[in-house]
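What follows is a set of notes on a single structure, which appears directly below.
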Amino acid sequence: MGGLMDFGFLDDVRRMNKRQLYYQVLNFGMIVSSALMIWKGLMVVTGSESPIVVVLSGSMEPAFFRGDLLFLTNYQEEPIRVGDIVVFKIEGRDIPIVHRVIKVHEKENGTVKFLTKGDNNSVDDRGLYAPGQLWLEKKDVVGRAQGFVPYVGIVTILMNDYPKFKYLILACLGAFVLIHRE
Amino acid sequence: MASKKNGSSALKESTDGTNTKWSIEEKPVKIDKWDTAALKNALDDGAKKVMLDKFGFVEKHTLMDIRLLICTIAVAFAMFALIWDYLRPFPESRPVLITCVLSYFLLMGVLTLYTTYKEKGIFLVCLQKDKAGIDPPNVWSLSSTLRKYDDTYTLHMTLQDGIKHKTRSEEIKKSVASFFDENGTLCFDLYEPEVRMLQGRIAVDKKE
């Protein structure tokens with residue numbers, strides 16, 4: 001009879017006054033903000049625009065498997081050397097790639113050109129680069145792998161594969177925080 | 001149970017239009033009785049209702065407003081960082097990000113200090129205006145505690161005298177079971193006298 005207004009689970013929210021409602025929204029905002037600020041803080045500390053990435057392909061097996069979590073740093077003063085595992089971006093591709101450096105050319109003035117290859121791939125990455133691009137440069141680098149946690153990122157992969165699942169979880173969590181009074 | 005439900009719906013229909021309104025003042029407070037936070041909120045709200053609606057004291061929002069302000073500024077810093085980083089991608093936005101991150105965590109620290117040392121669980125500050133309107137008002141503050149695996153609800157009431165600035169406080173400790181029925185409905189008729197008694201005890205003390 002009451003239609004929409006009869007849902008019992010909304011009673012908590014309906015009993016709140018304006019300040020409490022606003023605080024409820026702020027509370028949700030602070031949870032999001034805390035996560036965001038930790039991420040941005042990590043960015044500042046590591047110098048990398050994406051300090052934690054998940055390995056999405058098997059091209060670096062057996063070093064990294066699908067779902068491994070990588071921790072990256074990108075300090076400008078550290079030189080790139082052959083054997084380093086770098087994460088780089090290619091123009092026109094959304095997802096960064098994790099591969100190993102196999103050739104480096106350094107000039108006196110500090111400019112660097114390098115070539116990468118996946119450990120599990122039979123050829124180097126020139127086929128993956130933008131058309132006509134033969135080398136990567138420092139500006140393409142997102143970071144260098146410093147450590148990894150195996151398989152933790154599998155949740156991320158699942159969420160990427162099933163975007164609806166991701167939005168469902170986010171919506172549920174958001175609704176819970178907004179409706180539930182602490 | 002069924003008859004009760006009918007009763008409440010009859011009440012709704014009689015007070016025409018309340019079932020489409022957002023506010024549910026008249027509806028009995030029913031909560032999940034195993035949820036400690038919900039129990040505490042229901043009792044706090046009840047005490048608030050007694051102080052404001054029954055005694056007619058005026059609520060003072062300063063304490064809560066300061067908390068809201070701290071939170072708002074903190075969230076604003078975070079949102080600003082997000083937008084700035086979007087407009088000027090990372091290496092360029094670094095100084096702004098450092099500022100925002102530091103300010104945000106500083107504000108979170110301030111918020112923690114504020115809630116533990118200033119608010120101390122006070123959920124209501126209200127003013128009892130002098131009837132003649134000459135003396136400054138008496139200030140009542142209410143705080144409460146209900147620990148997670150404990151059924152004892154402590155309601156703490158403090159009165160700061162408007163004239164002499166003396167403070168008196170008293171508290172009641174009672175099991176939550178004495179205020180809720182089996183279904184988790186707050187029995188306001190049992191709770192109200194307790195709050196009134198506590199208030200009365202302090203008011204009488206004051207006179208002596």
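Residues are referred to by chain and number: the chain letter is A, B, ... according to the order shown in the structure tokens, the number counts from 1 in that chain, and ligands are numbered separately from 1 in the order shown.
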
Show me which bits of chain A are within 7 Å of chain B, counting only C-alpha atoms, as a list of chain:residue names.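 Close to chain B, chain A has A:Gly2, A:Met5, A:Arg14, A:Arg15, A:Tyr23, A:Leu26, A:Gly29, A:Met30, A:Ser33, A:Met37, A:Lys40, A:Gly41, A:Val44, A:Glu49, A:Glu182.
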
At a cut-off of 8 Å, using only C-alpha atoms, what residues contact Val149 in chain A? Leave out same-chain residues fewer than 5 positions from it and give the result as a ChimeraX atom specification. /A:68-70

Save the residues we just selected, N, CA and C atoms, as a PDB file, in the first residue's frame?
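Produced file result.pdb, reproduced below:
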ATOM      1  N   ASP A  68      49.201 -11.974 -11.025  1.00  0.00           N
ATOM      2  CA  ASP A  68      50.207 -11.511 -10.059  1.00  0.00           C
ATOM      3  C   ASP A  68      50.110  -9.998  -9.902  1.00  0.00           C
ATOM      4  N   LEU A  69      50.371  -9.552  -8.698  1.00  0.00           N
ATOM      5  CA  LEU A  69      50.321  -8.120  -8.401  1.00  0.00           C
ATOM      6  C   LEU A  69      51.741  -7.592  -8.403  1.00  0.00           C
ATOM      7  N   LEU A  70      52.002  -6.531  -9.191  1.00  0.00           N
ATOM      8  CA  LEU A  70      53.360  -5.984  -9.250  1.00  0.00           C
ATOM      9  C   LEU A  70      53.409  -4.641  -8.560  1.00  0.00           C
TER      10      LEU A  70
END

Would you please extract all alpha helix (DSSP H) residues from chain A, as assigned by DSSP on the backbone, and give them as JSON, numbers by chain? {"A": [11, 12, 13, 14, 18, 19, 20, 21, 22, 23, 24, 25, 26, 27, 28, 29, 30, 31, 32, 33, 34, 35, 36, 37, 38, 39, 40, 41, 42, 43, 44, 45, 46, 154, 155, 156, 157, 158, 159, 160, 161, 163, 164, 165, 166, 167, 168, 169, 170, 171, 172, 173, 174, 175, 176, 177, 178, 179]}

Can you pull out every residue within 12 Å of Gln24 in chain A, counting only C-alpha atoms, but drop anything in the same chain fewer than 2 positions away, and send it as a list in words?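 Result of the neighbour search: Asp12, Val13, Arg14, Met16, Asn17, Lys18, Arg19, Gln20, Leu21, Tyr22, Leu26, Asn27, Phe28, Gly29, Met30, Ile31, Gly174, Ala175, Phe176, Val177, Leu178, Ile179, His180, Arg181 and Glu182 of chain A; Leu68, Cys71 and Thr72 of chain B.
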
Need to verify the contact set: Tyr149 in chain B, 10 Å, only C-alpha atoms, exclusion of same-chain residues closer than 2 positions in sequence. Can you return it as a PDB file with all heavy atoms, in the first residue's frame?
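Result file is part06.pdb:
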ATOM      1  N   TRP B  34      20.222  -7.599  17.272  1.00  0.00           N
ATOM      2  CA  TRP B  34      21.589  -8.122  17.439  1.00  0.00           C
ATOM      3  C   TRP B  34      22.632  -7.131  16.946  1.00  0.00           C
ATOM      4  O   TRP B  34      23.814  -7.381  17.032  1.00  0.00           O
ATOM      5  CB  TRP B  34      21.754  -9.453  16.709  1.00  0.00           C
ATOM      6  CG  TRP B  34      20.765 -10.479  17.168  1.00  0.00           C
ATOM      7  CD1 TRP B  34      19.768 -11.055  16.419  1.00  0.00           C
ATOM      8  CD2 TRP B  34      20.650 -11.047  18.484  1.00  0.00           C
ATOM      9  NE1 TRP B  34      19.048 -11.919  17.182  1.00  0.00           N
ATOM     10  CE2 TRP B  34      19.562 -11.943  18.451  1.00  0.00           C
ATOM     11  CE3 TRP B  34      21.354 -10.879  19.671  1.00  0.00           C
ATOM     12  CZ2 TRP B  34      19.166 -12.668  19.570  1.00  0.00           C
ATOM     13  CZ3 TRP B  34      20.952 -11.603  20.781  1.00  0.00           C
ATOM     14  CH2 TRP B  34      19.878 -12.486  20.730  1.00  0.00           C
ATOM     15  N   THR B  36      24.550  -3.998  17.480  1.00  0.00           N
ATOM     16  CA  THR B  36      24.862  -3.080  18.584  1.00  0.00           C
ATOM     17  C   THR B  36      24.707  -1.620  18.182  1.00  0.00           C
ATOM     18  O   THR B  36      24.152  -0.817  18.926  1.00  0.00           O
ATOM     19  CB  THR B  36      26.306  -3.302  19.071  1.00  0.00           C
ATOM     20  OG1 THR B  36      26.588  -4.687  19.054  1.00  0.00           O
ATOM     21  CG2 THR B  36      26.493  -2.756  20.454  1.00  0.00           C
ATOM     22  N   LEU B 146      27.788   1.839  24.523  1.00  0.00           N
ATOM     23  CA  LEU B 146      27.262   0.475  24.481  1.00  0.00           C
ATOM     24  C   LEU B 146      28.348  -0.347  23.809  1.00  0.00           C
ATOM     25  O   LEU B 146      28.601  -0.177  22.624  1.00  0.00           O
ATOM     26  CB  LEU B 146      25.960   0.423  23.672  1.00  0.00           C
ATOM     27  CG  LEU B 146      25.329  -0.956  23.505  1.00  0.00           C
ATOM     28  CD1 LEU B 146      24.922  -1.539  24.831  1.00  0.00           C
ATOM     29  CD2 LEU B 146      24.118  -0.875  22.595  1.00  0.00           C
ATOM     30  N   ARG B 147      29.002  -1.182  24.608  1.00  0.00           N
ATOM     31  CA  ARG B 147      30.102  -1.935  24.016  1.00  0.00           C
ATOM     32  C   ARG B 147      29.578  -3.105  23.201  1.00  0.00           C
ATOM     33  O   ARG B 147      28.469  -3.579  23.418  1.00  0.00           O
ATOM     34  CB  ARG B 147      31.081  -2.385  25.094  1.00  0.00           C
ATOM     35  CG  ARG B 147      32.106  -1.278  25.363  1.00  0.00           C
ATOM     36  CD  ARG B 147      33.126  -1.709  26.350  1.00  0.00           C
ATOM     37  NE  ARG B 147      32.503  -1.901  27.646  1.00  0.00           N
ATOM     38  CZ  ARG B 147      33.075  -2.610  28.613  1.00  0.00           C
ATOM     39  NH1 ARG B 147      34.231  -3.202  28.415  1.00  0.00           N
ATOM     40  NH2 ARG B 147      32.475  -2.737  29.786  1.00  0.00           N
ATOM     41  N   ASP B 151      25.542  -5.927  26.997  1.00  0.00           N
ATOM     42  CA  ASP B 151      24.166  -5.454  26.840  1.00  0.00           C
ATOM     43  C   ASP B 151      23.894  -4.214  27.683  1.00  0.00           C
ATOM     44  O   ASP B 151      22.781  -3.715  27.715  1.00  0.00           O
ATOM     45  CB  ASP B 151      23.168  -6.573  27.193  1.00  0.00           C
ATOM     46  CG  ASP B 151      23.231  -6.921  28.664  1.00  0.00           C
ATOM     47  OD1 ASP B 151      24.318  -6.755  29.247  1.00  0.00           O
ATOM     48  OD2 ASP B 151      22.212  -7.359  29.227  1.00  0.00           O
ATOM     49  N   THR B 152      24.919  -3.717  28.400  1.00  0.00           N
ATOM     50  CA  THR B 152      24.681  -2.583  29.287  1.00  0.00           C
ATOM     51  C   THR B 152      24.823  -1.272  28.532  1.00  0.00           C
ATOM     52  O   THR B 152      25.885  -0.949  28.010  1.00  0.00           O
ATOM     53  CB  THR B 152      25.677  -2.593  30.455  1.00  0.00           C
ATOM     54  OG1 THR B 152      25.919  -3.935  30.825  1.00  0.00           O
ATOM     55  CG2 THR B 152      25.147  -1.791  31.612  1.00  0.00           C
TER      56      THR B 152
END

Do you know which residues are at most 9 Å from range 92-106 of chain A counting only C-alpha atoms, after dropping those on the same chain fewer than 2 positions away, and could you put them as a count of residues only? 35

Counting only C-alpha atoms, figure out which residue out of B:Asn183, B:Gln128, B:Ser144, B:Thr99 gets nearest to Trp84 in chain B.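 Smallest distance to Trp84 in chain B is found for B:Thr99.
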
Per DSSP on the backbone, what are the strand (DSSP E) residues of range 64-149 of chain B, as number ranges by chain? B: 122-128, 138-146

Would you mind exporting N, CA, C and O atoms of the selected residues as a short mmCIF file (atom, residue, chain, number, x, y, z; two decimals), in the first residue's frame?
data_model
loop_
_atom_site.label_atom_id
_atom_site.label_comp_id
_atom_site.auth_asym_id
_atom_site.auth_seq_id
_atom_site.Cartn_x
_atom_site.Cartn_y
_atom_site.Cartn_z
N ILE B 122 29.49 12.43 22.70
CA ILE B 122 28.31 13.27 22.96
C ILE B 122 27.46 13.32 21.71
O ILE B 122 27.93 13.66 20.63
N PHE B 123 26.20 12.91 21.83
CA PHE B 123 25.34 12.91 20.65
C PHE B 123 24.31 14.03 20.67
O PHE B 123 23.62 14.28 19.71
N LEU B 124 24.21 14.71 21.82
CA LEU B 124 23.25 15.80 21.87
C LEU B 124 23.72 16.87 22.84
O LEU B 124 24.09 16.58 23.98
N VAL B 125 23.73 18.11 22.37
CA VAL B 125 23.93 19.25 23.26
C VAL B 125 22.70 20.11 23.09
O VAL B 125 22.33 20.45 21.97
N CYS B 126 22.02 20.39 24.20
CA CYS B 126 20.82 21.22 24.04
C CYS B 126 20.75 22.28 25.12
O CYS B 126 21.35 22.15 26.19
N LEU B 127 20.05 23.33 24.81
CA LEU B 127 19.97 24.48 25.69
C LEU B 127 18.61 24.54 26.37
O LEU B 127 17.58 24.39 25.73
N GLN B 128 18.64 24.75 27.68
CA GLN B 128 17.41 24.97 28.42
C GLN B 128 17.34 26.46 28.69
O GLN B 128 18.06 27.00 29.51
N ASN B 138 20.88 26.99 30.51
CA ASN B 138 21.61 25.83 30.99
C ASN B 138 21.92 24.92 29.81
O ASN B 138 21.11 24.79 28.89
N VAL B 139 23.10 24.31 29.86
CA VAL B 139 23.50 23.46 28.75
C VAL B 139 23.49 21.99 29.18
O VAL B 139 24.18 21.61 30.12
N TRP B 140 22.70 21.19 28.50
CA TRP B 140 22.65 19.76 28.77
C TRP B 140 23.41 19.03 27.67
O TRP B 140 23.18 19.28 26.51
N SER B 141 24.32 18.13 28.06
CA SER B 141 24.95 17.29 27.04
C SER B 141 24.75 15.82 27.39
O SER B 141 24.86 15.42 28.54
N LEU B 142 24.44 15.05 26.35
CA LEU B 142 24.17 13.63 26.53
C LEU B 142 25.19 12.81 25.76
O LEU B 142 25.45 13.08 24.59
N SER B 143 25.77 11.83 26.44
CA SER B 143 26.62 10.89 25.73
C SER B 143 26.25 9.49 26.17
O SER B 143 25.60 9.30 27.19
N SER B 144 26.66 8.53 25.37
CA SER B 144 26.28 7.16 25.73
C SER B 144 27.35 6.18 25.28
O SER B 144 28.13 6.48 24.38
N THR B 145 27.37 5.04 25.92
CA THR B 145 28.26 3.97 25.47
C THR B 145 27.50 2.65 25.50
O THR B 145 26.68 2.42 26.38
N LEU B 146 27.79 1.84 24.52
CA LEU B 146 27.26 0.47 24.48
C LEU B 146 28.35 -0.35 23.81
O LEU B 146 28.60 -0.18 22.62
#

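Minimum distance to Phe65 in chain A across A:Ile154, A:Pro131, A:Ile169, A:Tyr162 (counting only C-alpha atoms) occurs at A:Ile154.
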
May I have the residues within 12 Å of Glu194 in chain B as a VMD selection string, using only C-alpha atoms and disregarding those fewer than 2 positions away in the same chain? chain B and resid 43 46 to 47 50 to 51 154 to 157 171 to 174 178 to 179 187 to 192 196 to 201

Find the distance between CA of Lys120 in chain B and CA of Leu39 in chain B and write it in Å to one decimal.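 That distance, rounded to one decimal, is 18.5 Å.
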
Have a look at CA of Gly67 in chain A and CA of Trp39 in chain A and let me know their distance in Å, one decimal.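 CA of Gly67 in chain A sits 19.5 Å away from CA of Trp39 in chain A.
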
Enter the distance from CA of Phe57 in chain B to CA of Glu119 in chain B, in Å, rounded to one decimal. 19.8 Å
